[in-house]
Amino acid sequence: MLASLLYILTNIPLLLKGVLIAVEITVCSIALGMVIGILVAFLKIYGSKNMKKVVSIYEWVFRGIPQLVLLFIVYFGLPTIGLNFGPFVSVVIGLGLCSSAYQAQIYRGAILSIGSEQMEAGLSLGMSKFQTLFFIILPQAVRLSLPGFTNEFTIVLKDSPLAYAVGIAEILKYGRDLIVTSFKPFEIYLACAIIYFVLFQLFYYLFKYIASRFEVPGFLIADQ
Amino acid sequence: MSLVRVENVKKSFGKNTVLDGVSFTIEKGEVKVIIGPSGTGKSTLLRCINMLAPPDSGKIWLQDIELTNPKTNLHQMRQKIGMVFQHFALFKHLKAIDNVALGLVKVKGMNRSDAYKKAMNDLQKVGLAEHADKYPAQLSGGQQQRVGIARALAMDPLLMLFDEPTSALDPELIGEVLQVMQNLAKEGMTMVCVTHEMGFAKSVASEIIFMEKGHILEASAPQQMFSNPQNERTRSFLHKIAELYGETL
């Protein structure tokens, strides 16, 4: 028991080499998902009728495909039609597209819950639509979407081991390499689990801290 | 010249015709109270006047500028028309004082210290100077609505539109908002109020407009309207309101 514990502790530094890549995958995927997600959310609310249909189909498709399948399509499938992406870019595209569909829902919900009166109030003061979006809608939407965004970030973080499937050296891959030489799968995978768990907590509390900085009465977001 | 001229304004939402040819004028210093059953286009009419809901046809003039002309700079014209909303519509992420100062800084381009001085002044006018640093969620409904009035007043409008300003308030809080509106009327502010507060209408309105199904059925001075309504529908509507509010009109 003690030996196992020691073995886990001594191998955590080796596995930590994979942490950076896991974080990179998560941050890049979330960023891609955020850019597309915000665009999709705005188009679905403010876009033309046809545009709304197009983005609805987009959301519908990408929420319905497992990330691993999407990842394989991007990494193994697209090269056959001449689109070659490296493993890292493929993972970011796969996780990012999937996340964009979920993030779009988060932002859309946030914007819709702000209500049309806020926009009217801004316009009635003589502000332009853009000014109202920027000074009134956006600051509220950011606050309202923070809890959902935090959730989505941690989900993508926990999906990042999928990168293993296309041979990226992240935490799980380093673990596999160790197991091949040590034959201690239980200890090694447990060590991987601990690392992910700690990472999860770190980001969870980071976002909670950010939320508390943005908190004003009426937007109790840090507790959630 | 009238301050506002509304000429044959029509507006539909889908198949639902909300305004079916409404015309009237507002003179400087007048207080018009619009009454009528719900869904008859009272709020839509207010939103037409400041072009938040542009009419499908018809013309609206503010002084000598036609708002319904697509070339008109609406952002500039809306500064001259203050609006107070039924559900206050305060910017929830901003303190009371920031709510009032925002338009001054972002729209009028005032420097911050002047804007906040003026904003404080306007909050004082509605009796909320000591609540300047509170967020909307920390204020009562009546206080929120008074901040809403101060926010509109801060832009020095020529005209104030009130869209059922007290109908979302507890009975106990209605008085403080009406008091502010009464003071405004006494100071000579031109106002158009959609409200069923008949006491208010009686004491400050220069004209009461009864609307139904997108039309103005009757418009006259309060005394005339209450003592001798011409239209049968007006009569029965006023009767119902009197019953509801327990007032003898």
# chains A, B, ... in the order shown; residues from 1 in each chain; ligands from 1
>>> interface_residues(of="chain A", to="chain B", cutoff="6 Å", atoms="only C-alpha atoms", output="list in words")
Glu117, Gln118, Ser124, Leu125, Gly126, Met127, Pro217 and Gly218 of chain A
>>> write_last_selection(atoms="N, CA and C atoms", output="short mmCIF file (atom, residue, chain, number, x, y, z; two decimals), in the first residue's frame")
data_model
loop_
_atom_site.label_atom_id
_atom_site.label_comp_id
_atom_site.auth_asym_id
_atom_site.auth_seq_id
_atom_site.Cartn_x
_atom_site.Cartn_y
_atom_site.Cartn_z
N GLU A 117 -36.03 44.77 -23.01
CA GLU A 117 -36.19 46.12 -22.44
C GLU A 117 -34.84 46.81 -22.22
N GLN A 118 -33.80 46.01 -21.93
CA GLN A 118 -32.49 46.61 -21.73
C GLN A 118 -32.00 47.27 -23.01
N SER A 124 -33.31 54.16 -26.13
CA SER A 124 -34.14 55.32 -25.79
C SER A 124 -33.29 56.47 -25.25
N LEU A 125 -32.09 56.15 -24.75
CA LEU A 125 -31.21 57.22 -24.28
C LEU A 125 -30.47 57.88 -25.44
N GLY A 126 -30.57 57.27 -26.61
CA GLY A 126 -29.86 57.81 -27.76
C GLY A 126 -28.59 57.04 -28.09
N MET A 127 -28.38 55.93 -27.38
CA MET A 127 -27.21 55.11 -27.70
C MET A 127 -27.47 54.34 -28.99
N PRO A 217 -24.59 43.05 -6.88
CA PRO A 217 -25.90 42.61 -6.39
C PRO A 217 -26.86 42.42 -7.56
N GLY A 218 -27.58 41.33 -7.54
CA GLY A 218 -28.48 41.04 -8.65
C GLY A 218 -27.87 40.03 -9.60
#
>>> residues_around(residues="Ile25 in chain A", least_positions_apart="2", cutoff="12 Å", atoms="only C-alpha atoms", output="ChimeraX atom specification")
/A:18-23,27-33,87-96,153,156-164,168-171
>>> select_by_dssp(residues="range 56-198 of chain B", states="strand (DSSP E or B)", output="list in words")
Ser57, Gly58, Lys59, Ile60, Trp61, Leu62, Ile65, Glu66, Ile81, Gly82, Met83, Val84, Leu159, Met160, Leu161, Phe162, Asp163, Thr190, Met191, Val192, Cys193 and Val194 of chain B
>>> atom_distance(atom1="CA of Phe186 in chain A", atom2="CA of Tyr7 in chain A")
10.7 Å
>>> closest_residue(among="B:Leu128, B:Leu178, B:Val194, B:Met189", to="Asp156 in chain B", atoms="only C-alpha atoms")
B:Met189
>>> residues_around(residues="Ile38 in chain A", least_positions_apart="2", cutoff="10 Å", atoms="only C-alpha atoms", output="list in words")
Gly33, Met34, Val35, Ile36, Val40, Ala41, Phe42, Leu43, Lys44, Ser100, Ala101, Gln103, Ala104, Gln105, Ile106, Tyr107 and Arg108 of chain A
>>> write_last_selection(atoms="all heavy atoms", output="CSV table (one decimal), in the first residue's frame")
chain,number,residue,atom,x,y,z
A,33,GLY,N,-14.2,27.3,-29.6
A,33,GLY,CA,-15.6,27.2,-29.3
A,33,GLY,C,-16.3,28.5,-28.9
A,33,GLY,O,-17.4,28.7,-29.3
A,34,MET,N,-15.5,29.4,-28.3
A,34,MET,CA,-16.1,30.6,-27.8
A,34,MET,C,-16.3,31.6,-29.0
A,34,MET,O,-17.4,32.2,-29.2
A,34,MET,CB,-15.1,31.3,-26.9
A,34,MET,CG,-15.7,32.6,-26.2
A,34,MET,SD,-14.5,33.5,-25.3
A,34,MET,CE,-14.4,32.5,-23.8
A,35,VAL,N,-15.3,31.6,-29.9
A,35,VAL,CA,-15.5,32.5,-31.1
A,35,VAL,C,-16.7,32.1,-31.9
A,35,VAL,O,-17.6,32.9,-32.2
A,35,VAL,CB,-14.2,32.5,-32.0
A,35,VAL,CG1,-14.4,33.2,-33.3
A,35,VAL,CG2,-13.0,33.1,-31.2
A,36,ILE,N,-16.7,30.8,-32.2
A,36,ILE,CA,-17.9,30.3,-33.0
A,36,ILE,C,-19.2,30.4,-32.2
A,36,ILE,O,-20.2,30.8,-32.7
A,36,ILE,CB,-17.6,28.8,-33.5
A,36,ILE,CG1,-16.3,28.7,-34.3
A,36,ILE,CG2,-18.8,28.3,-34.3
A,36,ILE,CD1,-15.9,27.3,-34.7
A,40,VAL,N,-22.5,32.1,-33.3
A,40,VAL,CA,-23.7,31.4,-33.5
A,40,VAL,C,-24.9,31.9,-32.6
A,40,VAL,O,-26.0,32.1,-33.1
A,40,VAL,CB,-23.5,29.9,-33.2
A,40,VAL,CG1,-24.8,29.1,-33.1
A,40,VAL,CG2,-22.6,29.2,-34.3
A,41,ALA,N,-24.5,32.3,-31.4
A,41,ALA,CA,-25.5,32.8,-30.5
A,41,ALA,C,-26.1,34.1,-31.0
A,41,ALA,O,-27.4,34.2,-31.1
A,41,ALA,CB,-24.9,33.0,-29.1
A,42,PHE,N,-25.3,35.0,-31.5
A,42,PHE,CA,-25.8,36.3,-32.0
A,42,PHE,C,-26.6,36.0,-33.3
A,42,PHE,O,-27.7,36.6,-33.5
A,42,PHE,CB,-24.6,37.2,-32.3
A,42,PHE,CG,-24.3,38.1,-31.2
A,42,PHE,CD1,-23.3,37.7,-30.3
A,42,PHE,CD2,-25.0,39.3,-31.0
A,42,PHE,CE1,-23.0,38.5,-29.2
A,42,PHE,CE2,-24.7,40.1,-29.9
A,42,PHE,CZ,-23.7,39.7,-29.0
A,43,LEU,N,-26.1,35.1,-34.2
A,43,LEU,CA,-26.9,34.9,-35.4
A,43,LEU,C,-28.2,34.3,-35.1
A,43,LEU,O,-29.2,34.5,-35.8
A,43,LEU,CB,-26.1,33.9,-36.3
A,43,LEU,CG,-24.9,34.6,-37.0
A,43,LEU,CD1,-24.1,33.6,-37.8
A,43,LEU,CD2,-25.3,35.8,-37.9
A,44,LYS,N,-28.3,33.4,-34.1
A,44,LYS,CA,-29.5,32.8,-33.8
A,44,LYS,C,-30.5,33.7,-33.2
A,44,LYS,O,-31.7,33.5,-33.3
A,44,LYS,CB,-29.3,31.6,-32.8
A,44,LYS,CG,-30.5,30.7,-32.8
A,44,LYS,CD,-30.1,29.3,-32.4
A,44,LYS,CE,-31.4,28.4,-32.3
A,44,LYS,NZ,-31.2,27.1,-31.7
A,100,SER,N,-18.4,24.5,-29.3
A,100,SER,CA,-19.0,25.7,-29.8
A,100,SER,C,-20.5,25.6,-29.8
A,100,SER,O,-21.3,26.6,-29.5
A,100,SER,CB,-18.6,26.0,-31.2
A,100,SER,OG,-19.1,25.1,-32.2
A,101,ALA,N,-21.0,24.4,-30.1
A,101,ALA,CA,-22.5,24.2,-30.1
A,101,ALA,C,-23.0,24.4,-28.7
A,101,ALA,O,-24.1,24.9,-28.5
A,101,ALA,CB,-22.8,22.8,-30.6
A,103,GLN,N,-21.4,26.1,-26.1
A,103,GLN,CA,-21.2,27.4,-25.7
A,103,GLN,C,-22.2,28.4,-26.3
A,103,GLN,O,-22.7,29.3,-25.7
A,103,GLN,CB,-19.8,27.9,-26.1
A,103,GLN,CG,-18.7,27.2,-25.2
A,103,GLN,CD,-17.3,27.9,-25.4
A,103,GLN,OE1,-17.2,29.1,-25.3
A,103,GLN,NE2,-16.4,27.0,-25.6
A,104,ALA,N,-22.6,28.1,-27.6
A,104,ALA,CA,-23.6,28.9,-28.2
A,104,ALA,C,-24.9,29.0,-27.4
A,104,ALA,O,-25.5,30.0,-27.2
A,104,ALA,CB,-23.9,28.4,-29.6
A,105,GLN,N,-25.3,27.8,-26.8
A,105,GLN,CA,-26.5,27.7,-26.0
A,105,GLN,C,-26.3,28.6,-24.7
A,105,GLN,O,-27.2,29.2,-24.3
A,105,GLN,CB,-26.7,26.3,-25.6
A,105,GLN,CG,-26.9,25.3,-26.8
A,105,GLN,CD,-28.3,25.0,-27.0
A,105,GLN,OE1,-29.1,24.9,-26.0
A,105,GLN,NE2,-28.7,24.9,-28.2
A,106,ILE,N,-25.1,28.5,-24.2
A,106,ILE,CA,-24.8,29.2,-22.9
A,106,ILE,C,-25.0,30.7,-23.2
A,106,ILE,O,-25.7,31.5,-22.5
A,106,ILE,CB,-23.4,28.9,-22.4
A,106,ILE,CG1,-23.3,27.5,-22.0
A,106,ILE,CG2,-23.1,29.9,-21.3
A,106,ILE,CD1,-21.9,27.0,-21.7
A,107,TYR,N,-24.4,31.2,-24.3
A,107,TYR,CA,-24.4,32.7,-24.5
A,107,TYR,C,-25.8,33.1,-25.0
A,107,TYR,O,-26.2,34.2,-24.6
A,107,TYR,CB,-23.4,33.0,-25.6
A,107,TYR,CG,-22.0,32.6,-25.3
A,107,TYR,CD1,-21.1,32.0,-26.2
A,107,TYR,CD2,-21.5,32.8,-24.0
A,107,TYR,CE1,-19.9,31.5,-25.9
A,107,TYR,CE2,-20.2,32.3,-23.7
A,107,TYR,CZ,-19.4,31.7,-24.6
A,107,TYR,OH,-18.2,31.3,-24.3
A,108,ARG,N,-26.4,32.3,-25.7
A,108,ARG,CA,-27.8,32.6,-26.2
A,108,ARG,C,-28.7,32.7,-25.0
A,108,ARG,O,-29.5,33.7,-24.9
A,108,ARG,CB,-28.3,31.6,-27.2
A,108,ARG,CG,-29.6,32.0,-27.9
A,108,ARG,CD,-29.9,31.1,-29.1
A,108,ARG,NE,-30.0,29.7,-28.7
A,108,ARG,CZ,-31.1,29.1,-28.4
A,108,ARG,NH1,-32.2,29.8,-28.6
A,108,ARG,NH2,-31.2,27.9,-28.1
>>> closest_residue(among="A:Ile65, A:Glu120, A:Ile8, A:Asn151", to="Lys184 in chain A", atoms="only C-alpha atoms")
A:Ile8
>>> atom_distance(atom1="CA of Val177 in chain B", atom2="CA of Lys125 in chain B")
12.0 Å
>>> residues_around(residues="Ile210 in chain A", least_positions_apart="2", cutoff="12 Å", atoms="only C-alpha atoms", output="count of residues only")
19
>>> atom_distance(atom1="CA of Met225 in chain B", atom2="CA of Pro55 in chain B")
28.1 Å
>>> closest_residue(among="B:Thr234, B:Asn16, B:Asn121, B:Asn69", to="Pro37 in chain B", atoms="only C-alpha atoms")
B:Thr234
>>> residues_around(residues="Ser206 in chain B", least_positions_apart="3", cutoff="8 Å", atoms="only C-alpha atoms", output="PyMOL selection string")
chain B and resi 30-32+221-222
